[in-house]
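**Q** I have a structure here, written as C-alpha cells, and I will follow up with some questions on it.
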Amino acid sequence: MFVLGAALTISPAVREQTWQVSNLFNHWIGIAIWSILAYLAHRYVEQHLPDADPYLLPIATLLSGWGMLSIWRLTNTFGLRQAIWIALCFIVLLIGLRHREIPEFLRRYKYIWLTSGLLLTTLTFILGANPMGSGPRLWLGCCGIYLQPSEPLKLLLVVYLAAYFADRIPISRRIFPLILPTLFLTGIALAILLIQRDLGTASIFVVLYAIMVYLASAKRRILILSALLLFGLVLAGYFFIDIIQYRLTSWFNPWQDPSGRSYQVIQSLLAIANGGVFGRGIGLGSPSVVPVAHSDFIFTAIAEETGLVGSLVLLLLIGTFTTRCFTIALRAERHFERLLAAGLGTYIGIQSIVILGGNLRLLPLTGVTLPFVSYGGSSLLTSFLALMLLLQISNSTERDPAPLSKSTPYLLVPAIINIGLLSLAFANGWWGIVRSGDLLTRYDNPRRSIADRYVLRGSLLDRRNQLIAYTDGVPGSYKRVYAYPELSSITGYTHSVYGQAGLEAQLDPYLRGLQGYPASQLWWQRLLYGNPPPGLDVRLSLDLSLQEQADALLGNTRGAVVLVNANTGEILVMASHPTYDANLLDDIGAQLLTAADAPLLNRASQGLYSPGTSLTPFLLAELFDSGFELPEFPSSLLMQQDGRLIRCTMREDRPPDWENVLPAGCPQPLVTLAQTLGAQKTANMIEKLGMQTNDSRLEMLAIGQTISTTPLNMVLIAAAISNQGLAPAAQLPIAVDIPGQGWVILPPQGQPQVVFSAQGANMAAETLQSADNPFWESMGRIESGDNPLIWYLGGTLPNWQGTPVAIVVITETDNPSIAQETGRGILNAAIQP
C-alpha cells in the first residue's frame with residue numbers, strides 16, 4: 001500500500017516528466033487511517049482469536065486498501081468518503097469480534113433479521129433516493145449518508161438459509177416441502193428486487209439460493225434446475241423487460257453502438273487493453289474515461305494501471321478468500337456455521353464473478369459492486385460483516401468438525417467459483433494482450449487523445465523541412481497546430497472528439513512514438529511513464545512552394561490536383577478542394593460532417609471518378625505497343641450515347657486532324673482508337689491500369705463513362721507516359737527522423753509496374769506534345785447530368801533532361817479552361833523552378 005501510495009504521489013511528475021508539478025498527497029490521509037486500523041485489527045485477532053483463519057483478514061485488508069487508493073486516484077471526494085467508510089468498517093469489525101455470540105444470535109432470530117431486511121428494502125419504494133441525483137432509487141438516507149438495503153439483504157438471506165437448513169439436517173429425500181418456506185421468503189425478496197429493477201442483485205439471489213439448497217441437500221439436480229430456471233427468466237426478460245433486452249443486446253454485440261448503449265462496455269474493454277501486461281502505472285492511466293469507474297467498473301481502473309499482472313493478483317486474492325471460506329466450512333463445529341461460512345464464500349465469489357464478468361464482457365453487465373474494493377459504504381460494510389462472521393467461525397477449533405455425509409458440494413462449489421475466476425483471467429488476457437492492438441487503435445478510444453496532451457507528437461514536414469503540422473505547448477496541454485491549413489484534407493487531423501484522419505492516422509505509429517524506436521526502449525518508457533517516447537518527425541515528398549501555387553490556381557473550384565515525380569512516384573503536390581482548416585475543428589467539426597461539398601474527403605486519393613474521354617494517352621500507348629499506327633481519321637468528333645450528346649472537352653474549331661483532336665478529348669476519335677485495338681485488348685488495358693468497370697462494351701470503355709478510378713491512380717499511369725512506360729509506386733511519406741540514426745528513408749507504398757513499352761509511351765507523349773509548352777497534355781470530359789467533370793493530364797517529354805513529372809487535374813465544373821490553366825501553371829512551375 002505504501003508503494004502504491006508513493007507511486008500515486010509522484011504520478012503527476014512521472015506523467016509530465018518534470019518535477020515542476022503539484023504532486024498528490026491527500027490520499028496519505030486514507031493510507032494513514034487504513035494502516036492504523038488494519039494494524040489494530042490484526043493485533044486484536046492475533047491476541048484474541050489466535051486460531052482464526054490467517055488469510056482472511058490480510059486479504060480483506062489489502063483489497064479494501066487497494067480499492068480505496070484506486071477510488072482516490074479517480075476522485076478525492078469519493079476517496080475520502082471511502083476512507084471514512086473503511087474506518088467505520090474496521091471499528092464495526094473490532095466491536096463485532098468482541099461478541100462471540102453474534103453467529104448464534106443471528107441463527108436464533110433468523111426470521112426477524114430477514115424480515116427486517118425485506119422491510120428496509122421495501123421502504124425504498126416510498127423513501128428511496130439515489131446519491132447521484134438520478135437513476136434507480138435503491139438507497140435510504142439523509143444528510144449525505146446512504147444505505148442500500150439490498151446489500152445487507154444478501155448477508156441476511158445467507159444467514160436465514162444457513163439457519164433454516166441447519167435445523168433440518170439431515171435433509172429428507174422429499175426436498176420440495178422442506179424448501180417451500182424458503183422459496184416463499186426468497187421469492188418475496190426477488191419480487192422486490194425485480195420491481196426495483198435491481199437485476200444484478202436479483203440474479204445473485206437466485207444463484208445464492210440454489211447453491212445454499214445444494215450445499216444442504218447435496219442434490220446436484222438443484223443446480224441444473226436452477227440454471228435452467230435462470231436461463232428461462234433471462235430469456236423471458238429479453239422479450240418483456242426493456243432493461244434486460246438493453247443489457248443483453250449490449251452484451252451480444254457492443255460494437256454495434258459503441259458510443260451509445262454499449263459505451264460503458266466498450267470503454268471498459270479499451271481500459272483493459274490499455275493496461276496490457278504490466279499496466280500504465282499507478283496514476284498514469286485514464287480510468288476516469290469509463291463511466292462509474294469508482295464503483296461498478298473499479299476493476300477496469302485497476303486493470304488499466306496495473307495490467308494483467310495486477311488483475312491476476314486481484315483474482316488470486318478473491319479466489320483464495322473464497323477457497324478459505326469453504327475450508328472453514330469443512331472444519332466448522334456446527335452445521336449452521338458450516339453452511340454460513342460456505343454461503344458467505346459463495347456470496348463473495350459469485351458477486352465478484354458477476355461484476356468482473358460484466359467488465360470483461362464474459363457476462364451481461366450488472367450494477368453490483370466488487371466486494372471490499374468498489375466504492376460504497378453499504379457494500380463495504382456488508383463485506384466486513386461477512387469477514388467478522390468468518391473470523392469468529394474459523395476461531396472455534398476446540399471440537400471436531402460437525403458430521404458431513406457428503407463433502408462433494410463443499411468441494412464442487414469452490415471449484416466452480418475458481419473456474420469462473422480462471423475464465424475471467426483468460427478473458428483479461430484476451431482483451432489485454434491478444435486484442436489490445438485492435439482495440440487501442442479504434443477511433444472511439446479517447447486515451448489516445450489524452451496521451452497526446454502529455455507526449456510530444458512528431459511533426460509533418462515538406463521535402464525542404466518546412467513545417468506542415470506540429471505540436472505546441474507544454475506537457476499536459478500539448479495542442480496540434482497545422483501551419484498550412486489548406487492541406488487539411490490531405491494531412492487530416494488528430495482530435496479528441498473526431499478521432500483521426502488522413503496522414504495523421506496513416507502515420508500515427510511514427511508520430512505517436514510507437515514505431516521507430518527499439519522495442520526495449522518502448523517497453524522501458526511504458527514501464528516508467530505509462531506512455532511511449534516522444535513522436536518522430538516525418539518528412540513528406542510535398543513541395544510547399546508548388547503546393548501553394550496549386551491551391552491558388554484551383555481556388556474555389558471543386559476538384560483535385562496531383563503532381564508526381566514520374567520516376568520515383570514522390571507526390572510533389574496533392575490538393576483537394578474544397579478543404580477546411582483543421583485548426584478550427586472544435587468550432588466547425590459538426591458542420592464538416594454534414595457539409596454537402598464534402599470538404600473532409602480527400603478527392604485526390606479517395607474520390608472515385610470516371611475518366612471519361614481522358615483515356616487518350618493510354619489508348620495511344622497501347623495502340624503503338626500493339627504495332628498499330630493511327631487509323632483513318634473519323635468523319636465525326638462527337639457521338640450520341642444513351643440519348644446524350646458527348647462533346648469534345650476543348651473547343652471544336654481546330655483543324656480536324658489527329659494532332660489537334662486527340663488532346664482535346666473528343667469521343668469519336670477515342671472510339672476509333674479502341675476499335676483499332678479491339679474489344680479484348682481495350683478491356684485488358686483497362687484492367688491493367690487498375691481501373692474498375694461495370695460495362696465491357698467497347699464504346700463505353702473507350703469514352704470511360706462506366707469506368708471508375710482516383711486522380712492518384714490516374715497520375716501514376718500518366719507518369720508512365722513520361723517515364724518510359726513504367727508507372728511508379730506512390731510515395732508521400734519519404735523519411736522519418738529516428739534518434740541516433742537521423743533521417744531514415746521510408747520505402748514506397750508498392751512496386752513500380754510496367755504498363756506500356758518505352759516505345760509506346762514515348763510515341764504517345766510525342767503525339768500529344770503541346771505546341772506552346774515543353775510537355776505533353778491531354779484533356780477529358782465526363783458527361784454527368786448537370787455536373788460535368790473535366791480532366792487534365794500532362795507530363796514531361798521523353799527527352800526532358802530534368803526531373804520527369806506528371807500531373808492530373810480534375811475539376812467539378814464545366815469550364816475546361818480552369819483545369820487546363822491549373823495544370824499548365826503547375827507544370828511550368830515544376831519544370832522551370
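As shown in the C-alpha cells, the chain order sets the letters A, B, ...; within each chain, residues go from 1, and ligands are also counted from 1 in the order they appear.
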Show me, as a PyMOL selection string, the residues that have an atom within 6 Å of range 405-411 of chain A when counting only C-alpha atoms, minus same-chain residues fewer than 2 positions from it.

**A** chain A and resi 215+218+413-414

**Q** Kindly export the residues of the current selection with all heavy atoms, as a short mmCIF file (atom, residue, chain, number, x, y, z; two decimals), in the first residue's frame.

**A**
data_model
loop_
_atom_site.label_atom_id
_atom_site.label_comp_id
_atom_site.auth_asym_id
_atom_site.auth_seq_id
_atom_site.Cartn_x
_atom_site.Cartn_y
_atom_site.Cartn_z
N LEU A 215 -25.85 -27.12 -1.14
CA LEU A 215 -24.94 -27.43 -0.04
C LEU A 215 -25.65 -28.20 1.07
O LEU A 215 -25.06 -29.09 1.70
CB LEU A 215 -24.35 -26.13 0.53
CG LEU A 215 -23.35 -25.38 -0.37
CD1 LEU A 215 -23.04 -24.02 0.23
CD2 LEU A 215 -22.07 -26.18 -0.56
N ALA A 218 -27.10 -31.72 -1.00
CA ALA A 218 -26.15 -32.49 -1.81
C ALA A 218 -26.81 -33.08 -3.05
O ALA A 218 -26.34 -34.07 -3.61
CB ALA A 218 -25.49 -33.60 -0.98
N VAL A 413 -18.50 -26.59 -5.32
CA VAL A 413 -18.86 -25.17 -5.42
C VAL A 413 -17.62 -24.28 -5.49
O VAL A 413 -17.52 -23.41 -6.38
CB VAL A 413 -19.78 -24.75 -4.26
CG1 VAL A 413 -20.00 -23.24 -4.27
CG2 VAL A 413 -21.13 -25.47 -4.37
N PRO A 414 -16.63 -24.43 -4.58
CA PRO A 414 -15.43 -23.58 -4.74
C PRO A 414 -14.69 -23.86 -6.04
O PRO A 414 -14.07 -22.95 -6.61
CB PRO A 414 -14.58 -23.92 -3.52
CG PRO A 414 -15.07 -25.24 -3.04
CD PRO A 414 -16.53 -25.27 -3.38
#

**Q** Could you give me the residues within range 330-524 of chain A that DSSP places in helix (DSSP H, G or I), as number ranges by chain?

**A** A: 330-331, 335-359, 377-395, 408-434, 436-440, 447-452, 485-491, 502-506, 508-511, 519-524

**Q** My list of candidates is A:Met685, A:Cys142, A:Ile433, A:Ala674. Which is closest to Glu699 in chain A when distances are computed with only C-alpha atoms?

**A**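 Result for the nearest residue to Glu699 in chain A: A:Ala674.
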
**Q** Using only C-alpha atoms, which protein or nucleic acid residues come within 10 Å of Asp472 in chain A? Drop anything in the same chain fewer than 4 positions from it, and give the result as a VMD selection string.

**A** chain A and resid 453 456 to 457 477 to 481

**Q** Mind giving me the straight-line distance from CA of Asn556 in chain A to CA of Pro578 in chain A in Å, one decimal?

**A**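 Taking CA of Asn556 in chain A and CA of Pro578 in chain A, their separation equals 6.7 Å.
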
**Q** Which residue is closest to Leu768 in chain A? Choose from A:Leu619, A:Ile126, A:Leu461, A:Leu385 and count only C-alpha atoms.

**A** A:Leu619

**Q** Grab the CA of Leu390 in chain A to CA of Pro103 in chain A distance for me, in Å with one decimal place.

**A** 9.5 Å

**Q** Do you know which residues are at most 12 Å from Ile112 in chain A counting only C-alpha atoms, after dropping those on the same chain fewer than 3 positions away, and could you put them as an mmCIF file with N, CA, C and O atoms, in the first residue's frame?

**A**
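In the end it all went to part.cif:
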data_model
loop_
_atom_site.group_PDB
_atom_site.id
_atom_site.type_symbol
_atom_site.label_atom_id
_atom_site.label_comp_id
_atom_site.auth_asym_id
_atom_site.auth_seq_id
_atom_site.Cartn_x
_atom_site.Cartn_y
_atom_site.Cartn_z
ATOM 1 N N PHE A 105 -26.754 -15.563 17.794
ATOM 2 C CA PHE A 105 -27.825 -14.570 17.864
ATOM 3 C C PHE A 105 -28.514 -14.422 16.500
ATOM 4 O O PHE A 105 -29.742 -14.321 16.417
ATOM 5 N N LEU A 106 -27.740 -14.437 15.453
ATOM 6 C CA LEU A 106 -28.306 -14.360 14.114
ATOM 7 C C LEU A 106 -29.122 -15.610 13.792
ATOM 8 O O LEU A 106 -30.198 -15.530 13.191
ATOM 9 N N ARG A 107 -28.616 -16.762 14.175
ATOM 10 C CA ARG A 107 -29.330 -18.008 13.883
ATOM 11 C C ARG A 107 -30.667 -18.059 14.597
ATOM 12 O O ARG A 107 -31.690 -18.437 14.013
ATOM 13 N N ARG A 108 -30.672 -17.640 15.853
ATOM 14 C CA ARG A 108 -31.879 -17.765 16.666
ATOM 15 C C ARG A 108 -32.998 -16.859 16.136
ATOM 16 O O ARG A 108 -34.172 -17.235 16.181
ATOM 17 N N TYR A 109 -32.654 -15.690 15.657
ATOM 18 C CA TYR A 109 -33.684 -14.745 15.211
ATOM 19 C C TYR A 109 -33.643 -14.564 13.688
ATOM 20 O O TYR A 109 -33.786 -13.463 13.173
ATOM 21 N N THR A 115 -36.816 -10.642 7.721
ATOM 22 C CA THR A 115 -37.998 -9.788 7.549
ATOM 23 C C THR A 115 -37.626 -8.313 7.667
ATOM 24 O O THR A 115 -38.122 -7.468 6.911
ATOM 25 N N SER A 116 -36.740 -8.001 8.590
ATOM 26 C CA SER A 116 -36.289 -6.613 8.735
ATOM 27 C C SER A 116 -35.590 -6.135 7.468
ATOM 28 O O SER A 116 -35.799 -4.998 7.008
ATOM 29 N N GLY A 117 -34.761 -7.013 6.901
ATOM 30 C CA GLY A 117 -34.081 -6.652 5.655
ATOM 31 C C GLY A 117 -35.052 -6.429 4.522
ATOM 32 O O GLY A 117 -34.900 -5.489 3.718
ATOM 33 N N LEU A 118 -36.082 -7.272 4.447
ATOM 34 C CA LEU A 118 -37.097 -7.096 3.408
ATOM 35 C C LEU A 118 -37.868 -5.801 3.592
ATOM 36 O O LEU A 118 -38.182 -5.100 2.622
ATOM 37 N N LEU A 119 -38.196 -5.476 4.850
ATOM 38 C CA LEU A 119 -38.932 -4.243 5.117
ATOM 39 C C LEU A 119 -38.100 -3.015 4.740
ATOM 40 O O LEU A 119 -38.624 -2.052 4.163
ATOM 41 N N LEU A 156 -28.202 -11.304 5.026
ATOM 42 C CA LEU A 156 -29.305 -11.813 5.833
ATOM 43 C C LEU A 156 -29.946 -13.038 5.192
ATOM 44 O O LEU A 156 -30.402 -13.951 5.896
ATOM 45 N N LEU A 157 -29.988 -13.077 3.856
ATOM 46 C CA LEU A 157 -30.519 -14.257 3.182
ATOM 47 C C LEU A 157 -29.641 -15.471 3.449
ATOM 48 O O LEU A 157 -30.156 -16.573 3.716
ATOM 49 N N VAL A 159 -27.692 -15.930 6.046
ATOM 50 C CA VAL A 159 -27.881 -16.299 7.454
ATOM 51 C C VAL A 159 -29.181 -17.089 7.626
ATOM 52 O O VAL A 159 -29.220 -18.133 8.291
ATOM 53 N N TYR A 160 -30.251 -16.602 7.017
ATOM 54 C CA TYR A 160 -31.553 -17.262 7.146
ATOM 55 C C TYR A 160 -31.504 -18.680 6.579
ATOM 56 O O TYR A 160 -31.947 -19.645 7.215
ATOM 57 N N LEU A 185 -40.045 -16.832 1.131
ATOM 58 C CA LEU A 185 -39.343 -15.622 1.560
ATOM 59 C C LEU A 185 -38.348 -15.136 0.509
ATOM 60 O O LEU A 185 -38.217 -13.932 0.251
#

**Q** Need the shell around Gly79 in chain A: protein/DNA/RNA residues with any atom at most 10 Å away, counting only C-alpha atoms. Skip same-chain ones fewer than 6 positions apart. Format as a PDB file with C-alpha atoms, in the first residue's frame?

**A**
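Output saved as part-v4.pdb:
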ATOM      1  CA  ASN A  26      -4.285  13.845   0.014  1.00  0.00           C
ATOM      2  CA  HIS A  27      -4.526  10.079  -0.310  1.00  0.00           C
ATOM      3  CA  ILE A  29      -4.844  10.576   4.881  1.00  0.00           C
ATOM      4  CA  GLY A  30      -6.647   7.456   3.745  1.00  0.00           C
ATOM      5  CA  GLY A  67      -9.836  -0.209  -3.675  1.00  0.00           C
ATOM      6  CA  MET A  68      -9.578   2.978  -1.599  1.00  0.00           C
ATOM      7  CA  LEU A  69      -6.415   4.111  -3.418  1.00  0.00           C
ATOM      8  CA  SER A  70      -7.963   3.304  -6.802  1.00  0.00           C
ATOM      9  CA  ILE A  71     -11.014   5.378  -5.875  1.00  0.00           C
ATOM     10  CA  TRP A  72      -8.871   8.224  -4.518  1.00  0.00           C
ATOM     11  CA  ARG A  73      -6.899   8.217  -7.740  1.00  0.00           C
ATOM     12  CA  TRP A  85     -16.275   4.027   5.480  1.00  0.00           C
ATOM     13  CA  HIS A 294     -15.145   4.130  -8.895  1.00  0.00           C
ATOM     14  CA  TYR A 375     -16.886   2.464  -3.684  1.00  0.00           C
TER      15      TYR A 375
END
